[in-house]
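Colleague: This is the structure I have questions about; it appears just below.
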Amino acid sequence: MTNREVAWILNAMADMLELKNDNPYRVRAYRKAAHTVYHLDEDLRDVYLRNAVGEIPGIGSRMRDQIEEMLETGSCIFFEQLRQEVPQGLLDMLSIPGLGHKTIRNIYQGLGIDSIEGLAQAAQAGKIRRLPGMGAKTESNILAGIHLLKQSREKITLGLAAPVAEDFSLHLKGAAGVIAAEPVGSIRRGKPLVGDIDILVAAEDFKQVRVQVASYSQVQDVKRVGQDFIQGLLHPNMKFEVIIVKPEDYYHSLTWTTGSKEFRELVFQDRDRKHLKGLKSEEEVFRQLGLQYIPPEMRENKGEIPKAISNSLPVIVEFSDILGELHVHTDWSDGAHSLQDMAVMAQKMGYAFLAITDHSQSLHISGGLSPQRLMDQGQAIDELNRHFRGFTLLKGSEVDILKDGTLDYHDEILKQLDLVIASIHSHFKLEAGQQTARIIKAIENPHVHIIGHLTGRLLNRRPPYELDTDQILAAAAEHHKVLEINAHPDRLDIDESIARKAAQMGIKIAINSDAHHGKDLKFLKYGVMTARRGWLKQEDVINTWDLGRIMDYFHR
DNA sequence: GCCGTTTTCGGCCCGACTGTTTTCAGTCG
């Protein structure tokens, strides 16, 4: 059993306990344990072999027993008991935005509804509003929430899909006679939302590959098996397709299966792919097609094909261009790690600098820093910097943009910092004019350098705020403010199209992981993919610059 | 359910918003 599966069960237990109205602190303990296990650096099975499961912070004796039981048997008795008591449909209902455990229990007890379908029917029939504490508005919110959920069920975030796809590919490479296996389709193109996990495999013996697919522990269901493909579901409920080709067909198939449908049709139109057999790389495939090599992220038919024909594609930014990172959190606010730990992990990423940008004072829930704490943190950073060679921690803040567009610290405080990211974390539902004016006011503040996660979207969970993006881009260009591509896979905000437009206007971009955990630093690659989808060049992305140049740009 | 200790029991993140209400409950971040 993998860490992810154990975490999934612990989280399900938290949900079921909550639905049963159990002690909220007990619920929180399970949720916290799930989070810890999910982010654990080590394989739980190894921890178990060292007899050290109970030493993990937040895992006490009872949770330790349950986790060990899961590792030994694949489940645990307490989990199975809860599943007997709590209908699966109630758990499904929890994923409807705006519905919590209390409302779900109210509906279940009042109307006996235990499925999303039943809930939708009752809401349409106007039965929900008759329950105590419920009204017409709640009813329509439920229907809207179910609609949103159905949309999100169709796609999963790149952050969920890509690691699973990579692990699956690795497993497939282990089969005898497999020459290559690689995620293709929208994952390889770095799309923020992915419909299914496509893996291309090159092998002499297709049967071996089919056997290897069936032996993968995360396969939940196999739906269709053809001569050269297998379709099914990976845990939990992610669609996959494995496409098998002969080794001599690998590279042109890689190009074929990576591009979007429109790209594929245009590039391969009237071509006989037989002539592309036996090539040794994708570069050769493009050469044969009479095209400049097009990076996977650009294969969307968004203007790249004519550019490739005329050999005039821009050279886009690469992960190896990134010299440092400008937006992370620590345990001074809601991050998991200390300043020192984050610095060490940034150095392991090969970075020369890292900006510490914890939350500002009004974000109480996230442990926002008072001005005094911020100054104390600055001193701690100065102290750490004395010991680094070839690496610098920057003193920064992710300061809240308040409702009226003013910032959560006075200018006197802000001007003492190396960099200031201004972000919105409240009042998401202002009308467009007010929201736009609020952000522009922050852009006009001379102490602000970067606008964080501009549109506020949370993929599959929350749409962007109502905004006039063009007005904001104009203001950012005028005031030389940097826009962030927040690389967190739930955000990827700004998206590729805003980024592309911004770069065309001369606005510089920072790609930031927004890490709340050392591991999250790795999210940066998703932001780089988004930048590449937006055709950004190295020059457009400030964290490819050396630190001196960044500081000059901020403080001129 | 976990943790810490002045240690086996008491505390554990809290404010804003929404929708239902006439003063609050539920959800979210």
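We label chains A, B, ... in the order they appear in the structure tokens, count residues from 1 in each chain, and number ligands from 1 in the order shown.
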Skip B:DC12 itself and residues of its chain fewer than 3 positions away, then list as a ChimeraX atom specification all residues within 12 Å of it, counting only C-alpha atoms (C1' of nucleotides).
Modeller: /A:23-29 /B:1-4
Colleague: Dump as a PyMOL selection string the residues of chain A that approach chain B to within 7 Å, counting only C-alpha atoms (C1' of nucleotides).
Modeller: chain A and resi 25-26+29+58+60+98+100+133-134+364-365
Colleague: List the spatial neighbours of A:Gly112 as a ChimeraX atom specification - criterion: any atom at most 12 Å away, only C-alpha atoms (C1' of nucleotides), same-chain residues fewer than 5 positions off excluded.
Modeller: /A:87,89-90,104-107,118-119,122,127-128,131
Colleague: With DSSP run on the backbone, what are the strand (DSSP E) residues within stretch 67-233 of chain A? I'd like them as number ranges by chain.
Modeller: A: 156-157, 178-183, 193-194, 197-203, 219-225, 229-233
Colleague: Now that the selection is made, can you save its residues with N, CA, C and O atoms as a compact mmCIF listing (two decimals), in the first residue's frame?
Modeller:
```txt
# COMPACT_ATOMS: atom_id res chain seq x y z
N ILE A 156 -9.03 16.06 -14.25
CA ILE A 156 -8.26 16.18 -13.01
C ILE A 156 -7.10 17.13 -13.24
O ILE A 156 -6.70 17.38 -14.37
N THR A 157 -6.57 17.65 -12.15
CA THR A 157 -5.48 18.63 -12.30
C THR A 157 -4.19 17.91 -12.73
O THR A 157 -3.96 16.75 -12.40
N VAL A 178 10.29 -3.88 -23.20
CA VAL A 178 9.81 -2.51 -23.35
C VAL A 178 11.00 -1.59 -23.57
O VAL A 178 11.92 -1.54 -22.76
N ILE A 179 10.98 -0.85 -24.68
CA ILE A 179 12.10 0.03 -25.04
C ILE A 179 11.90 1.41 -24.42
O ILE A 179 12.86 2.04 -23.98
N ALA A 180 10.65 1.88 -24.41
CA ALA A 180 10.37 3.23 -23.91
C ALA A 180 8.92 3.30 -23.45
O ALA A 180 8.07 2.55 -23.94
N ALA A 181 8.67 4.16 -22.48
CA ALA A 181 7.29 4.41 -22.03
C ALA A 181 7.26 5.83 -21.50
O ALA A 181 8.11 6.21 -20.69
N GLU A 182 6.30 6.61 -21.95
CA GLU A 182 6.29 8.03 -21.60
C GLU A 182 4.85 8.56 -21.60
O GLU A 182 4.06 8.20 -22.46
N PRO A 183 4.52 9.43 -20.62
CA PRO A 183 3.21 10.09 -20.67
C PRO A 183 3.14 10.98 -21.90
O PRO A 183 4.11 11.66 -22.23
N LEU A 193 -5.60 21.09 -16.78
CA LEU A 193 -6.59 20.05 -16.50
C LEU A 193 -6.48 18.95 -17.55
O LEU A 193 -6.31 19.23 -18.73
N VAL A 194 -6.56 17.73 -17.06
CA VAL A 194 -6.26 16.57 -17.88
C VAL A 194 -7.47 15.63 -17.90
O VAL A 194 -7.99 15.30 -16.84
N ILE A 197 -5.13 9.93 -18.57
CA ILE A 197 -3.69 9.70 -18.52
C ILE A 197 -3.33 8.79 -19.69
O ILE A 197 -3.73 7.63 -19.73
N ASP A 198 -2.62 9.34 -20.67
CA ASP A 198 -2.22 8.57 -21.85
C ASP A 198 -0.73 8.24 -21.73
O ASP A 198 0.09 9.13 -21.50
N ILE A 199 -0.41 6.97 -21.92
CA ILE A 199 1.00 6.54 -21.89
C ILE A 199 1.31 5.83 -23.20
O ILE A 199 0.56 4.94 -23.62
N LEU A 200 2.38 6.26 -23.83
CA LEU A 200 2.83 5.60 -25.06
C LEU A 200 3.97 4.64 -24.71
O LEU A 200 4.91 5.02 -24.01
N VAL A 201 3.84 3.40 -25.19
CA VAL A 201 4.85 2.38 -24.89
C VAL A 201 5.39 1.79 -26.19
O VAL A 201 4.62 1.47 -27.09
N ALA A 202 6.70 1.67 -26.26
CA ALA A 202 7.33 0.99 -27.40
C ALA A 202 7.81 -0.37 -26.95
O ALA A 202 8.55 -0.47 -25.97
N ALA A 203 7.35 -1.41 -27.64
CA ALA A 203 7.72 -2.77 -27.24
C ALA A 203 7.64 -3.71 -28.44
O ALA A 203 6.85 -3.49 -29.35
N VAL A 219 -4.01 0.02 -10.71
CA VAL A 219 -5.10 -0.19 -11.68
C VAL A 219 -6.35 -0.61 -10.92
O VAL A 219 -6.36 -1.58 -10.18
N GLN A 220 -7.41 0.18 -11.10
CA GLN A 220 -8.65 -0.04 -10.37
C GLN A 220 -9.59 -0.88 -11.22
O GLN A 220 -10.35 -1.68 -10.71
N ASP A 221 -9.52 -0.66 -12.54
CA ASP A 221 -10.46 -1.34 -13.43
C ASP A 221 -9.89 -1.31 -14.85
O ASP A 221 -9.26 -0.33 -15.24
N VAL A 222 -10.08 -2.41 -15.57
CA VAL A 222 -9.71 -2.42 -16.99
C VAL A 222 -11.00 -2.47 -17.79
O VAL A 222 -11.81 -3.37 -17.60
N LYS A 223 -11.20 -1.48 -18.66
CA LYS A 223 -12.48 -1.39 -19.37
C LYS A 223 -12.42 -2.02 -20.76
O LYS A 223 -13.32 -2.74 -21.16
N ARG A 224 -11.35 -1.72 -21.50
CA ARG A 224 -11.24 -2.25 -22.86
C ARG A 224 -9.80 -2.65 -23.14
O ARG A 224 -8.88 -1.94 -22.79
N VAL A 225 -9.64 -3.82 -23.77
CA VAL A 225 -8.30 -4.25 -24.15
C VAL A 225 -8.32 -4.54 -25.64
O VAL A 225 -9.10 -5.36 -26.11
N PHE A 229 -3.86 -1.35 -27.46
CA PHE A 229 -4.23 -0.35 -26.45
C PHE A 229 -4.96 -1.01 -25.28
O PHE A 229 -5.54 -2.10 -25.44
N ILE A 230 -4.90 -0.36 -24.14
CA ILE A 230 -5.65 -0.80 -22.96
C ILE A 230 -6.24 0.44 -22.31
O ILE A 230 -5.52 1.42 -22.06
N GLN A 231 -7.54 0.42 -22.03
CA GLN A 231 -8.18 1.54 -21.37
C GLN A 231 -8.74 1.08 -20.03
O GLN A 231 -9.22 -0.04 -19.91
N GLY A 232 -8.68 1.95 -19.05
CA GLY A 232 -9.24 1.59 -17.75
C GLY A 232 -9.17 2.75 -16.78
O GLY A 232 -9.11 3.91 -17.18
N LEU A 233 -9.20 2.40 -15.50
CA LEU A 233 -9.17 3.41 -14.44
C LEU A 233 -8.01 3.13 -13.50
O LEU A 233 -7.75 1.99 -13.15
```
Colleague: Atom CA of A:Gly226 and atom CA of A:Leu266 are how many Å apart?
Modeller: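 Between these atoms lies a distance of 27.2 Å.
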